[in-house]
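Content type mmCIF, C-alpha atoms, from the file query_22.cif:
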```
data_entry
loop_
_atom_site.label_atom_id
_atom_site.label_comp_id
_atom_site.auth_asym_id
_atom_site.auth_seq_id
_atom_site.Cartn_x
_atom_site.Cartn_y
_atom_site.Cartn_z
CA MET S 11 -22.25 -18.29 -12.43
CA ALA S 12 -19.68 -20.68 -10.95
CA GLU S 13 -17.77 -19.63 -7.86
CA TYR S 14 -14.02 -19.62 -7.56
CA ALA S 15 -12.63 -22.91 -6.26
CA HIS S 16 -11.03 -21.16 -3.28
CA PRO S 17 -12.81 -17.84 -2.77
CA GLU S 18 -11.13 -17.54 0.63
CA ALA S 19 -7.85 -16.79 -1.14
CA LEU S 20 -9.18 -13.41 -2.27
CA VAL S 21 -10.39 -10.39 -0.35
CA SER S 22 -12.02 -7.27 -1.70
CA THR S 23 -10.84 -3.71 -1.18
CA ASP S 24 -13.93 -3.26 1.01
CA TRP S 25 -12.84 -6.17 3.21
CA VAL S 26 -9.36 -4.71 3.59
CA SER S 27 -10.81 -1.34 4.45
CA GLN S 28 -12.80 -2.95 7.24
CA HIS S 29 -10.18 -5.39 8.54
CA SER S 30 -6.72 -3.93 7.90
CA SER S 31 -6.30 -2.96 11.54
CA ASP S 32 -7.55 -6.25 12.98
CA PRO S 33 -4.86 -7.60 15.32
CA ASN S 34 -4.56 -10.90 13.44
CA VAL S 35 -4.33 -9.32 9.99
CA ARG S 36 -1.11 -8.13 8.38
CA VAL S 37 -1.44 -6.21 5.11
CA VAL S 38 1.63 -6.18 2.88
CA GLU S 39 2.30 -4.26 -0.35
CA VAL S 40 4.68 -5.85 -2.86
CA ASP S 41 5.53 -3.81 -5.96
CA VAL S 42 8.04 -3.76 -8.77
CA ASP S 43 9.92 -1.21 -6.68
CA THR S 44 9.28 0.46 -3.35
CA LYS S 45 8.61 3.91 -4.82
CA ALA S 46 4.92 3.19 -5.04
CA TYR S 47 4.66 2.21 -1.39
CA ASN S 48 6.60 5.29 -0.32
CA GLU S 49 4.26 7.48 -2.33
CA ALA S 50 1.09 6.17 -0.68
CA HIS S 51 -0.22 2.85 0.59
CA VAL S 52 -3.10 1.18 2.36
CA PRO S 53 -3.09 2.54 5.93
CA GLY S 54 -1.30 0.09 8.21
CA ALA S 55 0.35 -1.82 5.37
CA ILE S 56 4.01 -2.72 5.43
CA ALA S 57 6.11 -3.31 2.30
CA TRP S 58 8.29 -6.11 1.02
CA ALA S 59 10.76 -5.47 -1.79
CA TRP S 60 10.58 -8.46 -4.10
CA ASN S 61 14.15 -8.08 -5.38
CA THR S 62 15.82 -7.93 -1.97
CA GLN S 63 13.38 -9.47 0.52
CA LEU S 64 11.58 -12.12 -1.53
CA CYS S 65 14.56 -13.83 -3.11
CA ASP S 66 18.03 -14.98 -2.24
CA THR S 67 20.28 -12.09 -3.21
CA VAL S 68 23.41 -14.21 -3.65
CA ARG S 69 22.31 -17.10 -5.82
CA ARG S 70 19.25 -17.01 -8.07
CA ASP S 71 16.59 -18.62 -5.93
CA ILE S 72 13.52 -17.97 -3.84
CA LEU S 73 13.91 -17.46 -0.11
CA SER S 74 15.27 -20.34 1.92
CA GLN S 75 13.12 -21.56 4.78
CA GLN S 76 15.32 -19.64 7.20
CA GLN S 77 15.12 -16.46 5.16
CA PHE S 78 11.34 -16.78 4.91
CA GLU S 79 11.09 -17.28 8.66
CA ALA S 80 13.24 -14.19 9.24
CA LEU S 81 11.07 -12.07 6.95
CA MET S 82 7.85 -13.21 8.58
CA SER S 83 9.25 -12.71 12.07
CA ALA S 84 10.45 -9.19 11.27
CA SER S 85 7.04 -8.45 9.78
CA GLY S 86 5.24 -9.46 12.94
CA VAL S 87 3.63 -12.43 11.21
CA THR S 88 2.90 -15.69 13.00
CA PRO S 89 1.64 -18.90 11.35
CA GLU S 90 -1.85 -17.92 12.55
CA THR S 91 -1.77 -14.44 10.95
CA THR S 92 -4.12 -13.65 8.09
CA LEU S 93 -1.66 -12.38 5.53
CA VAL S 94 -3.21 -10.04 2.94
CA ILE S 95 -0.95 -9.17 0.04
CA TYR S 96 -1.50 -6.61 -2.70
CA GLY S 97 0.63 -4.68 -5.15
CA ASP S 98 0.94 -2.86 -8.42
CA ASN S 99 0.80 -4.35 -11.91
CA ASN S 100 -2.44 -6.13 -10.96
CA ASN S 101 -0.72 -8.03 -8.17
CA TRP S 102 2.22 -9.48 -10.14
CA PHE S 103 4.67 -9.43 -7.29
CA ALA S 104 1.96 -9.87 -4.70
CA ALA S 105 1.30 -13.23 -6.34
CA TRP S 106 5.03 -13.96 -6.20
CA ALA S 107 4.91 -13.39 -2.43
CA PHE S 108 1.70 -15.44 -2.15
CA TRP S 109 3.37 -18.33 -3.98
CA GLN S 110 6.35 -18.36 -1.62
CA ALA S 111 4.09 -18.10 1.42
CA LYS S 112 2.28 -21.22 0.20
CA ILE S 113 5.56 -23.00 -0.52
CA TYR S 114 6.46 -22.50 3.14
CA GLY S 115 3.04 -23.59 4.34
CA HIS S 116 1.43 -20.34 5.49
CA LYS S 117 -2.18 -21.32 5.94
CA ASP S 118 -4.15 -18.11 5.61
CA VAL S 119 -2.76 -15.93 2.85
CA ARG S 120 -4.97 -13.90 0.54
CA LEU S 121 -4.63 -11.45 -2.34
CA MET S 122 -6.53 -8.17 -2.37
CA ASN S 123 -8.56 -8.41 -5.55
CA GLY S 124 -7.66 -5.54 -7.89
CA GLY S 125 -4.47 -4.71 -6.04
CA ARG S 126 -3.05 -1.25 -5.57
CA LYS S 127 -4.65 0.03 -8.75
CA LYS S 128 -8.21 -0.60 -7.55
CA TRP S 129 -7.53 0.83 -4.10
CA LEU S 130 -6.25 4.07 -5.61
CA ALA S 131 -8.94 4.29 -8.29
CA GLU S 132 -11.63 3.98 -5.64
CA GLY S 133 -10.25 7.04 -3.83
CA ARG S 134 -9.79 5.19 -0.56
CA ASP S 135 -7.73 6.46 2.34
CA VAL S 136 -3.98 6.14 1.91
CA ALA S 137 -1.04 6.69 4.23
CA THR S 138 2.63 7.53 3.86
CA ASP S 139 3.87 6.54 7.30
CA VAL S 140 5.56 3.18 7.83
CA PRO S 141 3.86 1.38 10.70
CA HIS S 142 5.92 -0.06 13.52
CA VAL S 143 5.33 -3.78 13.92
CA ALA S 144 6.39 -5.92 16.85
CA THR S 145 8.54 -8.82 15.74
CA ALA S 146 7.23 -12.36 16.10
CA ALA S 147 8.71 -15.84 16.16
CA TYR S 148 7.79 -17.62 12.93
CA HIS S 149 8.46 -21.26 12.22
CA ALA S 150 7.79 -22.25 8.63
CA LYS S 151 7.10 -25.67 7.22
CA PRO S 152 9.68 -27.26 4.90
CA ALA S 153 9.35 -26.11 1.31
CA ASP S 154 6.47 -27.70 -0.59
CA LEU S 155 8.16 -28.25 -3.92
CA SER S 156 4.99 -29.60 -5.49
CA LEU S 157 4.22 -25.94 -6.24
CA ARG S 158 7.47 -25.29 -8.09
CA THR S 159 9.06 -26.73 -11.22
CA PHE S 160 12.73 -26.87 -12.09
CA LEU S 161 14.35 -27.10 -15.50
CA PRO S 162 14.62 -30.91 -15.86
CA ALA S 163 10.88 -31.37 -15.36
CA VAL S 164 10.14 -28.65 -17.92
CA GLN S 165 12.48 -30.26 -20.44
CA GLN S 166 10.71 -33.57 -19.92
CA ALA S 167 7.27 -31.98 -20.20
CA SER S 168 8.23 -30.24 -23.44
CA ALA S 169 9.72 -33.37 -24.97
CA GLU S 170 7.01 -35.79 -23.86
CA HIS S 171 3.98 -33.46 -23.84
CA SER S 172 3.33 -34.70 -20.33
CA ALA S 173 2.19 -31.33 -19.00
CA ALA S 174 0.49 -28.26 -20.36
CA LEU S 175 3.09 -25.51 -20.68
CA VAL S 176 1.51 -22.07 -20.33
CA ASP S 177 3.58 -19.10 -21.48
CA VAL S 178 2.03 -16.06 -19.82
CA ARG S 179 4.27 -13.40 -21.41
CA SER S 180 3.06 -10.97 -24.04
CA PRO S 181 2.43 -12.34 -27.54
CA GLN S 182 5.49 -10.48 -28.84
CA GLU S 183 7.74 -12.09 -26.25
CA PHE S 184 6.21 -15.47 -27.09
CA THR S 185 6.90 -15.18 -30.81
CA GLY S 186 10.45 -13.93 -30.25
CA GLU S 187 9.86 -10.47 -31.72
CA ILE S 188 11.08 -8.91 -28.47
CA LEU S 189 13.31 -10.37 -25.79
CA SER S 190 11.79 -8.60 -22.78
CA PRO S 191 8.74 -6.49 -22.01
CA PRO S 192 8.86 -3.23 -24.00
CA GLY S 193 11.11 -0.70 -22.27
CA LEU S 194 12.85 -3.21 -20.01
CA PRO S 195 16.38 -4.58 -20.47
CA GLU S 196 16.85 -7.74 -22.51
CA THR S 197 17.74 -10.59 -20.19
CA CYS S 198 18.08 -13.52 -22.56
CA GLN S 199 20.22 -14.54 -25.49
CA ARG S 200 17.43 -15.91 -27.64
CA GLY S 201 13.77 -15.07 -28.16
CA GLY S 202 10.83 -17.38 -28.62
CA HIS S 203 9.14 -19.95 -26.43
CA ILE S 204 9.46 -23.46 -25.07
CA PRO S 205 8.34 -25.96 -27.73
CA GLY S 206 4.79 -27.08 -27.05
CA ALA S 207 3.84 -24.06 -24.94
CA ARG S 208 0.52 -22.26 -25.36
CA SER S 209 0.41 -18.47 -25.26
CA ILE S 210 -2.06 -17.22 -22.65
CA PRO S 211 -0.86 -13.78 -21.48
CA TRP S 212 -1.39 -13.30 -17.75
CA GLY S 213 -3.33 -10.06 -18.23
CA LYS S 214 -6.18 -11.90 -19.95
CA ALA S 215 -7.16 -13.16 -16.53
CA CYS S 216 -7.91 -9.63 -15.32
CA ASN S 217 -10.64 -7.09 -15.80
CA ASP S 218 -9.83 -3.45 -16.58
CA ASP S 219 -10.10 -2.53 -12.90
CA GLY S 220 -7.43 -5.08 -12.01
CA THR S 221 -9.79 -7.65 -10.48
CA PHE S 222 -9.82 -11.24 -11.64
CA LYS S 223 -12.31 -12.34 -14.26
CA SER S 224 -15.11 -14.65 -13.23
CA ALA S 225 -14.54 -18.39 -12.85
CA ASP S 226 -16.60 -19.03 -15.98
CA GLU S 227 -14.56 -16.56 -18.02
CA LEU S 228 -11.30 -17.99 -16.72
CA ARG S 229 -12.34 -21.55 -17.43
CA ALA S 230 -13.23 -20.54 -20.99
CA LEU S 231 -9.96 -18.62 -21.44
CA TYR S 232 -7.73 -21.52 -20.46
CA GLY S 233 -10.01 -24.23 -21.79
CA HIS S 234 -9.89 -22.65 -25.24
CA GLU S 235 -6.14 -23.37 -25.26
CA GLY S 236 -6.60 -26.91 -23.99
CA VAL S 237 -5.66 -26.11 -20.42
CA ASP S 238 -8.45 -27.68 -18.39
CA GLY S 239 -6.69 -29.32 -15.45
CA SER S 240 -6.85 -32.80 -16.92
CA LYS S 241 -3.06 -32.95 -16.91
CA PRO S 242 -0.35 -31.13 -14.96
CA VAL S 243 0.15 -27.45 -15.78
CA ILE S 244 3.45 -25.59 -15.75
CA ALA S 245 3.27 -21.79 -15.97
CA TYR S 246 6.25 -19.68 -16.95
CA CYS S 247 7.10 -16.13 -17.98
CA ARG S 248 10.43 -14.26 -17.97
CA ILE S 249 11.50 -14.37 -14.32
CA GLY S 250 8.62 -16.19 -12.63
CA GLU S 251 6.52 -13.37 -11.23
CA ARG S 252 3.86 -13.07 -13.94
CA SER S 253 3.60 -16.84 -13.95
CA SER S 254 2.98 -16.88 -10.20
CA HIS S 255 -0.07 -14.72 -10.99
CA THR S 256 -1.31 -17.34 -13.48
CA TRP S 257 -0.37 -20.12 -11.04
CA PHE S 258 -2.65 -18.42 -8.49
CA VAL S 259 -5.50 -18.21 -11.01
CA LEU S 260 -5.26 -21.86 -12.03
CA LYS S 261 -4.74 -23.27 -8.54
CA TYR S 262 -6.94 -21.07 -6.37
CA LEU S 263 -9.57 -19.61 -8.67
CA LEU S 264 -10.07 -22.63 -10.95
CA GLY S 265 -8.96 -25.27 -8.46
CA PHE S 266 -6.59 -27.28 -10.67
CA ASP S 267 -4.75 -29.78 -8.50
CA ASN S 268 -1.43 -29.99 -10.24
CA VAL S 269 -0.15 -26.53 -11.16
CA THR S 270 3.45 -25.40 -10.76
CA ASN S 271 5.39 -22.23 -11.36
CA TYR S 272 8.59 -22.57 -13.38
CA ASP S 273 10.38 -19.56 -11.90
CA GLY S 274 13.51 -20.19 -13.93
CA SER S 275 11.29 -19.17 -16.83
CA TRP S 276 12.59 -17.61 -20.04
CA THR S 277 15.67 -16.07 -18.41
CA GLU S 278 16.78 -19.65 -17.81
CA TRP S 279 15.51 -21.40 -20.93
CA GLY S 280 16.38 -18.55 -23.30
CA ASN S 281 19.97 -18.55 -22.09
CA LEU S 282 20.56 -22.32 -22.21
CA VAL S 283 23.08 -23.62 -24.66
CA ALA S 284 21.46 -25.98 -27.20
CA ALA S 285 17.97 -25.72 -25.75
CA PRO S 286 15.21 -26.16 -28.33
CA VAL S 287 13.38 -22.90 -29.04
CA ALA S 288 10.17 -22.36 -30.95
CA LYS S 289 9.59 -19.08 -32.77
CA GLY S 290 6.43 -17.44 -34.02
CA ALA S 291 2.86 -18.07 -32.99
CA ALA S 292 1.83 -21.33 -31.35
CA ALA S 293 1.20 -24.19 -33.73
CA MET L 14 -5.38 11.42 2.95
CA LYS L 15 -6.96 10.27 -0.30
CA ILE L 16 -6.03 9.88 -3.93
CA GLU L 17 -8.03 12.36 -6.00
CA GLU L 18 -8.82 12.87 -9.67
CA TYR L 19 -7.54 9.40 -10.64
CA ARG L 20 -7.38 8.98 -14.40
CA GLU L 21 -6.09 6.33 -16.80
CA ARG L 22 -5.73 6.55 -20.55
CA LYS L 23 -4.01 4.60 -23.30
CA LEU L 24 -1.59 6.24 -25.71
CA ASP L 25 0.74 5.21 -28.49
CA VAL L 26 4.36 5.97 -27.66
CA ASP L 27 6.96 5.15 -30.26
CA GLY L 28 4.77 2.39 -31.65
CA TRP L 29 4.03 0.84 -28.27
CA GLU L 30 0.75 1.07 -26.38
CA VAL L 31 1.25 2.79 -23.05
CA ASN L 32 -1.16 3.10 -20.14
CA LEU L 33 -0.79 6.48 -18.46
CA THR L 34 -2.17 6.86 -14.95
CA SER L 35 -2.25 10.15 -13.05
CA TYR L 36 -3.77 11.44 -9.84
CA ARG L 37 -3.35 14.06 -7.15
CA LEU L 38 -2.14 13.37 -3.65
CA ASP L 39 -2.41 16.51 -1.52
CA ALA L 40 -0.79 19.25 -3.61
CA GLU L 41 1.40 16.94 -5.68
CA TRP L 42 0.48 15.23 -8.93
CA HIS L 43 1.72 11.71 -9.64
CA ALA L 44 1.93 9.89 -12.95
CA LYS L 45 2.85 6.36 -13.92
CA ALA L 46 3.46 4.91 -17.36
CA ASP L 47 3.27 1.21 -18.04
CA ASN L 48 3.45 -0.85 -21.18
CA VAL L 49 -0.01 -2.25 -21.84
CA SER L 50 1.36 -5.62 -22.86
CA PRO L 51 2.51 -7.05 -20.53
CA GLY L 52 1.65 -4.24 -18.09
CA ALA L 53 5.01 -3.55 -16.50
CA THR L 54 5.64 -0.20 -14.84
CA LEU L 55 8.04 1.88 -16.90
CA CYS L 56 8.32 4.95 -14.67
CA ARG L 57 6.72 7.04 -11.95
CA THR L 58 6.95 10.82 -11.94
CA THR L 59 5.62 13.80 -10.00
CA GLY L 60 4.77 17.38 -10.89
CA LYS L 61 2.98 20.52 -9.78
CA SER L 62 0.21 19.82 -12.28
CA ARG L 63 -1.24 16.76 -14.00
CA GLU L 64 0.24 17.95 -17.28
CA GLU L 65 3.72 18.28 -15.83
CA ALA L 66 3.69 14.85 -14.17
CA GLU L 67 2.27 13.18 -17.29
CA GLU L 68 4.73 14.93 -19.60
CA LYS L 69 7.66 13.71 -17.53
CA ALA L 70 6.29 10.17 -17.53
CA LEU L 71 5.76 10.16 -21.29
CA GLN L 72 9.25 11.50 -21.93
CA ARG L 73 10.80 8.78 -19.79
CA ALA L 74 8.58 6.11 -21.33
CA GLU L 75 9.57 7.21 -24.81
CA GLU L 76 13.23 7.05 -23.83
CA LEU L 77 12.86 3.49 -22.49
CA LEU L 78 10.62 2.18 -25.24
CA GLY L 79 12.97 3.61 -27.87
CA ARG L 80 15.60 1.14 -26.70
CA THR L 81 13.40 -1.89 -27.34
CA ARG L 82 14.63 -3.90 -30.29
CA ARG L 83 12.26 -5.75 -32.56
CA HIS L 84 13.72 -8.98 -33.91
CA ALA L 85 12.77 -10.82 -37.06
CA VAL L 86 10.63 -13.86 -36.35
#
```

The structure given in the file should be rewritten as structure tokens.
Amino acid sequence: MAEYAHPEALVSTDWVSQHSSDPNVRVVEVDVDTKAYNEAHVPGAIAWAWNTQLCDTVRRDILSQQQFEALMSASGVTPETTLVIYGDNNNWFAAWAFWQAKIYGHKDVRLMNGGRKKWLAEGRDVATDVPHVATAAYHAKPADLSLRTFLPAVQQASAEHSAALVDVRSPQEFTGEILSPPGLPETCQRGGHIPGARSIPWGKACNDDGTFKSADELRALYGHEGVDGSKPVIAYCRIGERSSHTWFVLKYLLGFDNVTNYDGSWTEWGNLVAAPVAKGAAA
Amino acid sequence: MKIEEYRERKLDVDGWEVNLTSYRLDAEWHAKADNVSPGATLCRTTGKSREEAEEKALQRAEELLGRTRRHAV
């Protein structure tokens, strides 16, 4: 069985259990909302709220370098800290945080394989107290935009077939039958997908216990849709968090060199005037 | 403190597949409903028993899922 390309980017729940209180390790939970963290969390873990602390709250954007530095400093994280991130929904928003940490050059950042779900299912110790952390002075690197794609590059990729577009939303969002995940508010004017995109829902990369599938299974999953790393890959979803999960899989588990997250995603494309939209299943 | 009696099961709610998770934390029961595809959390609830927490979660999930519009493709 083939190994992951970057196995160091993942840690097991066992590893976290043994190392969460190491002085150079900071464990962070990132969920859809902070209710889950308040209910119970990995002992010693702090929490980041994705919708207030992991984005610019004025304009639609990820954190600026200064905002990222402020978050890391307040979290007691230095550039040498081993940052271990986990969360609910099989690490959706944990991957979003991982992606931004890599954009700003944090060297040692890892996801806890299986996320919150696996930790709870295993009946491990949990805590409700919020740990006090001493602030640090964090200096980030300038944003590495080779990990991120903006609209013009996606338009070019769609028109010229110069990159593999991977739509990681549910099949019903891909076809246009629904405009948002079931039960969530509609956030776009039109349903469907970017012309040329392949439908590979993010969840297919996970086992039932929330852990990632093996490298061989992942290679087969994406390879079956023609996504094999031979050309650039652009992943997208609705708002960019599910696609950061797939970005992580392709870049760190399969080792593709040129993978980007289009965080504008369907809430950008599906609201654009005169943008081409494909409906139904992939051709 | 530990999570106890963790359980997950899949149910059909208003035509949508829902994953219902419940467990006990000390004396309180917690439940969470998420849509199976894509797997987004719909709600979290608590109760004095598993049944109470799950019932609340299913009611809220049904309310939310009932608002989802299906469009012609």

For this session: For chain S, list the residues within 10 Å of chain L, counting all atoms listed in the file, and write the list as a PyMOL selection string.
Result: chain S and resi 41-43+45-46+49-50+53+98-100+102+127+129-138+178-183+185-196+201-202+211-214+252+289-291

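Picture a line from atom CA of Pro242 of chain S to atom CA of Ala167 of chain S; it runs 9.3 Å.
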
Quiz item: Which residues come within 12 Å of Ala230 of chain S, counting all atoms listed in the file, excluding same-chain residues fewer than 4 positions away, as a PyMOL selection string?
Solution: chain S and resi 12+210+214-215+223-226+234-238+264

Long-range neighbours of Ala66 of chain L as a PyMOL selection string, 8 Å cut-off, all atoms listed in the file, 5 positions minimum in chain | chain L and resi 35+42-44+58-61

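Nearest to Gln165 of chain S of all the residues S:Gly86, S:Pro33, S:Gly239, S:Gly206 is S:Gly206, counting all atoms listed in the file.
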
Exercise on segment 62-80 of chain L, axis-aligned box with 4 Å per side, report centre and edge lengths in Å to one decimal, as AutoDock Vina command-line options:
```
--center_x 7.2 --center_y 10.5 --center_z -20.1 --size_x 24.8 --size_y 26.7 --size_z 23.6
```

Which residues are close to segment 112-122 of chain S, i.e. within 9 Å by only C-alpha atoms, leaving aside same-chain residues fewer than 2 positions away? Reply as a ChimeraX atom specification.
/S:18-23,25-26,75,78-79,88-97,101,104-105,107-110,124-126,150-158,221
